[in-house]
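Here is the file input-v6.tsv (TSV, C-alpha atoms).
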chain	number	residue	atom	x	y	z
A	22	MET	CA	-6.53	-19.85	-2.51
A	23	SER	CA	-5.09	-16.34	-2.16
A	24	VAL	CA	-4.48	-13.53	-4.59
A	25	THR	CA	-1.60	-13.88	-7.02
A	26	ARG	CA	1.82	-12.50	-6.19
A	27	ARG	CA	1.66	-10.26	-9.28
A	28	TYR	CA	-1.63	-8.75	-8.14
A	29	ARG	CA	-0.38	-8.13	-4.60
A	30	GLU	CA	2.84	-6.54	-5.85
A	31	ALA	CA	0.89	-4.33	-8.26
A	32	TRP	CA	-1.12	-2.88	-5.39
A	33	GLU	CA	1.93	-2.48	-3.17
A	34	GLY	CA	3.70	-0.61	-5.94
A	35	PHE	CA	0.71	1.61	-6.59
A	36	TRP	CA	0.28	2.60	-2.95
A	37	ARG	CA	4.01	3.11	-2.36
A	38	GLU	CA	3.99	5.72	-5.12
A	39	ALA	CA	0.58	7.24	-4.33
A	40	PRO	CA	0.55	10.81	-2.99
A	41	GLY	CA	-0.41	11.17	0.64
A	42	GLU	CA	-2.57	14.25	0.10
A	43	ALA	CA	-6.35	13.85	0.17
A	44	GLY	CA	-8.05	13.56	-3.20
A	45	GLU	CA	-4.94	12.66	-5.19
A	46	VAL	CA	-6.01	9.06	-5.90
A	47	PHE	CA	-8.58	8.46	-8.64
A	48	TRP	CA	-11.30	6.98	-6.39
A	49	ASP	CA	-10.38	8.90	-3.21
A	50	ALA	CA	-13.41	11.19	-3.31
A	51	ASP	CA	-14.69	13.15	-0.33
A	52	PRO	CA	-16.82	10.85	1.87
A	53	ARG	CA	-19.65	13.37	1.71
A	54	VAL	CA	-20.20	12.34	-1.93
A	55	THR	CA	-19.35	8.65	-1.43
A	56	ALA	CA	-19.76	6.88	1.91
A	57	ALA	CA	-22.36	9.36	3.15
A	58	LEU	CA	-24.58	8.62	0.16
A	59	HIS	CA	-24.09	4.90	0.64
A	60	LEU	CA	-25.02	5.01	4.33
A	61	ALA	CA	-28.39	6.46	3.43
A	62	TYR	CA	-29.18	3.12	1.77
A	63	PHE	CA	-27.24	0.90	4.18
A	64	GLU	CA	-28.27	2.14	7.62
A	65	PRO	CA	-32.02	1.38	7.31
A	66	HIS	CA	-31.12	-2.31	6.97
A	67	LEU	CA	-28.75	-2.51	9.94
A	68	THR	CA	-30.37	-4.59	12.64
A	69	ASP	CA	-27.37	-4.12	14.94
A	70	ALA	CA	-25.29	-0.98	14.39
A	71	GLU	CA	-23.21	-1.90	17.46
A	72	LEU	CA	-21.49	-4.69	15.57
A	73	ALA	CA	-17.97	-4.02	14.32
A	74	LEU	CA	-17.91	-2.56	10.82
A	75	VAL	CA	-15.26	-3.85	8.40
A	76	ASP	CA	-14.23	-1.58	5.53
A	77	LEU	CA	-13.04	-4.25	3.10
A	78	GLY	CA	-10.43	-2.91	0.70
A	79	CYS	CA	-10.01	0.29	2.69
A	80	GLY	CA	-7.04	1.66	0.74
A	81	ASN	CA	-5.76	4.86	2.33
A	82	GLY	CA	-8.66	4.95	4.77
A	83	THR	CA	-10.54	8.08	3.64
A	84	GLN	CA	-13.94	6.36	3.83
A	85	THR	CA	-12.85	4.33	6.88
A	86	ARG	CA	-12.29	7.45	8.97
A	87	TYR	CA	-15.69	8.79	7.97
A	88	LEU	CA	-17.33	5.52	8.96
A	89	ALA	CA	-15.43	5.52	12.27
A	90	ASP	CA	-17.26	8.72	13.21
A	91	ARG	CA	-20.57	6.90	12.83
A	92	PHE	CA	-19.98	3.39	14.16
A	93	PRO	CA	-18.55	2.37	17.54
A	94	ARG	CA	-15.84	0.07	16.13
A	95	VAL	CA	-14.44	0.22	12.59
A	96	LEU	CA	-11.67	-1.92	11.12
A	97	GLY	CA	-10.14	-1.08	7.74
A	98	VAL	CA	-8.57	-4.05	6.00
A	99	ASP	CA	-6.55	-4.12	2.80
A	100	LEU	CA	-4.32	-6.38	0.78
A	101	ALA	CA	-1.50	-3.81	0.54
A	102	ALA	CA	0.67	-2.88	3.50
A	103	ALA	CA	1.57	0.39	1.75
A	104	ALA	CA	-2.11	1.35	1.63
A	105	LEU	CA	-2.41	0.77	5.37
A	106	ASP	CA	0.67	2.93	5.96
A	107	HIS	CA	-1.22	5.78	4.24
A	108	ALA	CA	-4.35	5.03	6.28
A	109	ARG	CA	-2.55	5.07	9.63
A	110	HIS	CA	-0.59	8.20	8.77
A	111	ALA	CA	-3.84	10.02	7.91
A	112	ASP	CA	-5.49	8.85	11.14
A	113	PRO	CA	-3.18	10.00	13.97
A	114	ALA	CA	-6.10	10.03	16.40
A	115	GLY	CA	-6.72	6.33	15.76
A	116	LEU	CA	-10.38	6.74	14.87
A	117	ALA	CA	-10.27	3.31	13.20
A	118	ALA	CA	-8.04	0.25	13.39
A	119	TYR	CA	-6.27	-1.11	10.28
A	120	ARG	CA	-5.09	-4.58	9.38
A	121	LEU	CA	-3.47	-6.45	6.51
A	122	LEU	CA	-5.87	-9.02	5.10
A	123	ASP	CA	-5.98	-11.08	1.93
A	124	ALA	CA	-9.72	-11.75	1.99
A	125	ALA	CA	-9.44	-14.23	-0.89
A	126	GLU	CA	-7.15	-16.44	1.19
A	127	LYS	CA	-8.99	-19.50	2.41
A	128	GLY	CA	-9.84	-19.20	6.09
A	129	ALA	CA	-8.71	-15.58	6.51
A	130	ALA	CA	-12.22	-14.16	6.88
A	131	GLU	CA	-13.26	-17.00	9.18
A	132	THR	CA	-10.29	-16.24	11.42
A	133	LEU	CA	-11.22	-12.56	11.56
A	134	HIS	CA	-14.86	-13.47	12.27
A	135	ALA	CA	-13.74	-15.64	15.17
A	136	GLU	CA	-12.11	-12.54	16.63
A	137	LEU	CA	-14.79	-9.92	15.86
A	138	GLY	CA	-17.96	-11.98	15.87
A	139	ASP	CA	-20.63	-11.06	13.34
A	140	ALA	CA	-19.79	-7.78	11.58
A	141	ASN	CA	-21.29	-5.29	9.19
A	142	VAL	CA	-19.24	-4.94	5.98
A	143	TYR	CA	-18.73	-1.98	3.64
A	144	MET	CA	-17.00	-2.59	0.30
A	145	ARG	CA	-16.64	0.04	-2.41
A	146	GLY	CA	-15.37	-0.72	-5.89
A	147	VAL	CA	-13.22	-3.73	-5.04
A	148	LEU	CA	-14.62	-6.56	-7.16
A	149	HIS	CA	-14.10	-4.81	-10.48
A	150	GLN	CA	-10.40	-4.37	-9.70
A	151	CYS	CA	-9.96	-8.01	-8.66
A	152	GLU	CA	-8.76	-10.74	-10.92
A	153	PRO	CA	-11.81	-12.77	-12.01
A	154	ALA	CA	-10.82	-15.88	-10.06
A	155	ASP	CA	-10.69	-13.87	-6.82
A	156	ARG	CA	-14.19	-12.42	-7.02
A	157	GLN	CA	-16.23	-15.32	-5.67
A	158	PRO	CA	-13.77	-16.05	-2.83
A	159	LEU	CA	-13.96	-12.37	-1.89
A	160	VAL	CA	-17.75	-12.42	-1.68
A	161	ASP	CA	-17.55	-15.71	0.22
A	162	ALA	CA	-15.35	-13.83	2.71
A	163	ILE	CA	-18.04	-11.18	3.11
A	164	ALA	CA	-20.55	-13.93	3.92
A	165	ALA	CA	-18.18	-15.32	6.55
A	166	LEU	CA	-17.74	-11.89	8.15
A	167	VAL	CA	-21.43	-10.98	8.38
A	168	GLY	CA	-22.34	-14.27	10.03
A	169	THR	CA	-26.02	-14.39	10.98
A	170	ARG	CA	-26.53	-10.83	12.27
A	171	GLY	CA	-24.41	-8.60	10.06
A	172	ARG	CA	-25.25	-6.78	6.86
A	173	ALA	CA	-23.08	-6.02	3.86
A	174	PHE	CA	-23.09	-3.02	1.54
A	175	LEU	CA	-21.34	-3.38	-1.82
A	176	VAL	CA	-21.08	-0.79	-4.55
A	177	GLU	CA	-19.48	-1.66	-7.88
A	178	PRO	CA	-19.10	0.19	-11.18
A	179	SER	CA	-21.58	-1.16	-13.71
A	180	GLU	CA	-20.89	-2.39	-17.23
A	181	ALA	CA	-21.50	1.14	-18.52
A	182	ALA	CA	-18.60	2.34	-16.33
A	183	GLY	CA	-16.28	0.05	-18.25
A	184	LEU	CA	-17.05	2.00	-21.41
A	185	VAL	CA	-16.29	5.27	-19.63
A	186	LEU	CA	-13.00	3.99	-18.23
A	187	GLY	CA	-12.02	2.45	-21.57
A	188	ALA	CA	-12.59	5.73	-23.35
A	189	LEU	CA	-10.53	7.60	-20.76
A	190	ALA	CA	-7.69	5.09	-20.96
A	191	GLN	CA	-7.55	5.32	-24.76
A	192	SER	CA	-7.84	9.07	-25.02
A	193	PRO	CA	-5.58	10.56	-27.74
A	194	ASP	CA	-4.01	12.74	-25.03
A	195	GLY	CA	-3.48	9.74	-22.78
A	196	PRO	CA	-5.44	8.78	-19.66
A	197	PRO	CA	-6.20	11.42	-17.01
A	198	PRO	CA	-3.31	11.95	-14.57
A	199	LYS	CA	-4.99	10.15	-11.67
A	200	LEU	CA	-6.02	7.17	-13.79
A	201	ALA	CA	-2.60	6.74	-15.41
A	202	PRO	CA	-0.81	5.30	-12.31
A	203	ILE	CA	-3.50	2.62	-11.94
A	204	LEU	CA	-3.00	1.51	-15.52
A	205	ARG	CA	0.78	1.73	-15.26
A	206	HIS	CA	0.79	-0.72	-12.37
A	207	GLY	CA	-1.36	-3.19	-14.26
A	208	ILE	CA	-4.47	-2.63	-12.15
A	209	ALA	CA	-6.65	-1.71	-15.10
A	210	PRO	CA	-10.22	-1.71	-13.80
A	211	GLY	CA	-12.01	-4.74	-15.17
A	212	ASP	CA	-15.52	-5.24	-16.38
A	213	VAL	CA	-17.91	-7.02	-14.05
A	214	ALA	CA	-21.19	-7.92	-15.75
A	215	ASP	CA	-24.21	-6.28	-14.14
A	216	ASP	CA	-25.77	-9.66	-13.41
A	217	ALA	CA	-22.55	-11.13	-12.00
A	218	VAL	CA	-22.57	-9.38	-8.62
A	219	PRO	CA	-25.99	-10.67	-7.52
A	220	GLU	CA	-24.92	-14.14	-8.64
A	221	TYR	CA	-21.74	-13.92	-6.54
A	222	LEU	CA	-23.89	-12.92	-3.56
A	223	ARG	CA	-26.36	-15.77	-4.04
A	224	THR	CA	-23.55	-18.31	-4.49
A	225	ALA	CA	-22.06	-17.12	-1.19
A	226	GLY	CA	-25.38	-17.78	0.55
A	227	LEU	CA	-26.36	-14.14	0.82
A	228	THR	CA	-29.79	-12.64	0.25
A	229	ILE	CA	-30.13	-9.23	-1.41
A	230	LEU	CA	-32.28	-6.96	0.76
A	231	SER	CA	-32.10	-3.89	-1.45
A	232	TYR	CA	-30.29	-2.65	-4.54
A	233	GLY	CA	-30.16	0.28	-6.90
A	234	GLU	CA	-28.02	2.51	-9.08
A	235	LEU	CA	-25.90	5.46	-8.01
A	236	PRO	CA	-23.06	7.39	-9.66
A	237	LEU	CA	-19.67	6.59	-8.14
A	238	THR	CA	-17.83	9.90	-7.82
A	239	THR	CA	-14.10	10.06	-8.56
A	240	THR	CA	-11.55	12.81	-7.96
A	241	GLU	CA	-10.72	13.24	-11.65
A	242	PHE	CA	-12.10	15.61	-14.26
A	243	THR	CA	-12.47	15.55	-18.03
A	244	PRO	CA	-10.57	18.19	-20.06
A	245	ASP	CA	-13.67	20.41	-20.04
A	246	GLY	CA	-13.74	20.40	-16.23
A	247	THR	CA	-16.56	17.90	-15.71
A	248	ARG	CA	-16.06	15.62	-12.71
A	249	ILE	CA	-15.91	11.97	-13.74
A	250	LYS	CA	-18.70	9.90	-12.20
A	251	LEU	CA	-18.95	6.21	-12.96
A	252	PRO	CA	-22.34	4.48	-13.24
A	253	SER	CA	-22.54	1.96	-10.43
A	254	GLN	CA	-24.88	-0.49	-8.77
A	255	TRP	CA	-25.19	-1.04	-5.03
A	256	PHE	CA	-26.47	-3.95	-2.95
A	257	VAL	CA	-27.38	-4.53	0.67
A	258	ALA	CA	-27.13	-8.22	1.55
A	259	THR	CA	-27.37	-10.59	4.50
A	260	ARG	CA	-27.27	-14.30	5.15
A	261	ALA	CA	-30.02	-16.18	3.34
A	262	MET	CA	-33.09	-16.25	5.57
Rendering of file as structure tokens:
Amino acid sequence: MSVTRRYREAWEGFWREAPGEAGEVFWDADPRVTAALHLAYFEPHLTDAELALVDLGCGNGTQTRYLADRFPRVLGVDLAAAALDHARHADPAGLAAYRLLDAAEKGAAETLHAELGDANVYMRGVLHQCEPADRQPLVDAIAALVGTRGRAFLVEPSEAAGLVLGALAQSPDGPPPKLAPILRHGIAPGDVADDAVPEYLRTAGLTILSYGELPLTTTEFTPDGTRIKLPSQWFVATRAM
């Protein structure tokens, strides 16, 4: 199984049109208010920080570059070649490596694991933008990448975030400028039930080591100037022990 052609083309179209400037994509927030906060919960559970770290669904690589300053080897992977073009352009020093990967494709994660060995995995807000049938294969891919020594950190908007996004999308004045392109390309963020993510992890053979709630900061603002932050839940997981 791999993602649908429609889904792949939607992401390619989105990233081909996306501005190259920092902070112009809805979820492209400064790492100091995203990845840095996540690492505070992730790092205490890393038993081997020397393992490669895979940023799964890296997009234009903003968080990837931040992570590359803190881990010895970081690989950003994404479904869209256009996203990786942005990532490489923004990383002329080559702080991280970038690769095209359809993680839902059967055997793709196993092939990457054979190359990297066990890896730590960071994934931010990917499941809720996947088609439902792709979600379990994606988490299965995470399990394949972490192997027996790696750890995974996932953060996903909660059910309450769906209400926030729905209200923004249906605003009488139209959706905010940075949300509009996502909707136009048919990548409307979906609702993932709060109890679904831990079930995906358990089904993949992963054990949850820690979890909690944390606002997921975006780059967009409401008309009154308030920054939009989406309620989210985070998980640190490893192979069942």
Can you write out as a tab-separated table which residues of stretch 38-66 of chain A fall within 12 Å of stretch 86-97 of chain A, alongside each residue's closest atom pair and its distance in Å to one decimal, counting only C-alpha atoms and ordering rows by chain and ascending residue number?
residue	atom	partner	partner_atom	distance
A:Ala50	CA	A:Tyr87	CA	11.8
A:Asp51	CA	A:Tyr87	CA	9.4
A:Pro52	CA	A:Tyr87	CA	6.5
A:Arg53	CA	A:Tyr87	CA	8.7
A:Val54	CA	A:Tyr87	CA	11.4
A:Thr55	CA	A:Tyr87	CA	10.1
A:Ala56	CA	A:Tyr87	CA	7.5
A:Ala57	CA	A:Tyr87	CA	8.2
A:Leu58	CA	A:Leu88	CA	11.8
A:His59	CA	A:Leu88	CA	10.7
A:Leu60	CA	A:Leu88	CA	9.0
A:Phe63	CA	A:Leu88	CA	11.9
A:Glu64	CA	A:Arg91	CA	10.4
Q. Counting only C-alpha atoms, which of A:Tyr62, A:Thr169, A:Gly44, A:Gly226 gets nearest to A:Thr239?
A. A:Gly44
Q: Mind checking which residues fall within 10 Å of stretch 65-72 of chain A, counting only C-alpha atoms, ignoring those fewer than 2 positions away in the same chain, and posting them as a list in words?
A: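 Those residues are Leu60, Ala61, Tyr62, Phe63, Leu74, Val75, Arg91, Phe92, Pro93, Arg94, Val95, Leu137, Gly138, Asp139, Ala140, Asn141, Val142, Val167, Arg170, Gly171, Arg172, Ala173, Phe174, Leu230, Ser231, Val257, Ala258 and Thr259 of chain A.
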Q: Could you please give me, as a ChimeraX atom specification, the residues of protein, DNA or RNA lying at most 10 Å from (-16.8, -5.9, -17.5) in the coordinate frame of the file, considering all atoms listed in the file?
A: /A:149,178-184,210-215,217
Q. Smallest atom-to-atom distance to A:Arg223: which of A:Leu100, A:Ala31, A:Ala117, A:Val160, using only C-alpha atoms?
A.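 The shortest atom-to-atom distance to A:Arg223 comes from A:Val160.
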Q: Please identify all polymer residues within 10 Å of A:Glu234, counting all atoms listed in the file, omitting same-chain residues fewer than 2 positions from it, and present them as a PyMOL selection string.
A: chain A and resi 176-179+232+236-237+252-256
**Q.** Selected residue, from A:Asp49, A:Asp106, A:Asp161, A:Asp112, that lies nearest to A:Trp36 when counting all atoms listed in the file
**A.**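 Smallest distance to A:Trp36 is found for A:Asp106.
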Emit as JSON the padded axis-aligned box for all listed atoms of stretch 94-112 of chain A, 3 Å per side, with centre and edge lengths in Å to one decimal.
{"center_x": -7.1, "center_y": 1.8, "center_z": 8.3, "size_x": 23.4, "size_y": 22.4, "size_z": 21.6}
Q. Of the candidates A:Phe47, A:Phe35, A:Tyr28, A:Phe242, which one gets nearest to A:Ala154 if we count all atoms listed in the file?
A.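 Among A:Phe47, A:Phe35, A:Tyr28, A:Phe242, it is A:Tyr28 that comes nearest to A:Ala154.
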Q: Report the distance between atom CA of A:Asp216 and atom CA of A:Leu189 in Å, rounded to one decimal place.
A: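 Answer for the atom CA of A:Asp216 to atom CA of A:Leu189 separation: 24.2 Å.
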Q.
Please determine, counting all atoms listed in the file, which residue among A:Pro202, A:Pro244, A:Gly115, A:Gly82 has the shortest atom-to-atom distance to A:Arg145.
A. A:Gly82
Q: Quote the spacing between atom CA of A:Gly128 and atom CA of A:Gly168 in Å to one decimal place.
A: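 We find that atom CA of A:Gly128 and atom CA of A:Gly168 lie 14.0 Å from each other.
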Q.
Let me make sure I understand: among A:Tyr221, A:Trp32, A:Trp48, A:Tyr143, which one has the smallest atom-to-atom distance to A:Ala104 if we use all atoms listed in the file?
A. A:Trp32
Q) So which residues are close to (5.6, 1.7, -7.0), meaning at most 12 Å away in the file's coordinates with all atoms listed in the file counted, and can you show them as a list of chain:residue names? A)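 Checked against the point, the hits come out as A:Arg29, A:Glu30, A:Ala31, A:Trp32, A:Glu33, A:Gly34, A:Phe35, A:Trp36, A:Arg37, A:Glu38, A:Ala39, A:Pro40, A:Ala101, A:Ala103, A:Ala104, A:Pro202, A:Ile203, A:Arg205, A:His206, A:Gly207.
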Q) What separation in Å, quoted to one decimal, exists between atom CA of A:Leu204 and atom CA of A:His110? A) 25.3 Å
Q: Tell me which protein, DNA and RNA residues are within 6 Å of A:Ala108, counting only C-alpha atoms, leaving out same-chain ones fewer than 3 positions away, and put them as a list in words.
A: Asn81, Gly82, Leu105 and Ala111 of chain A
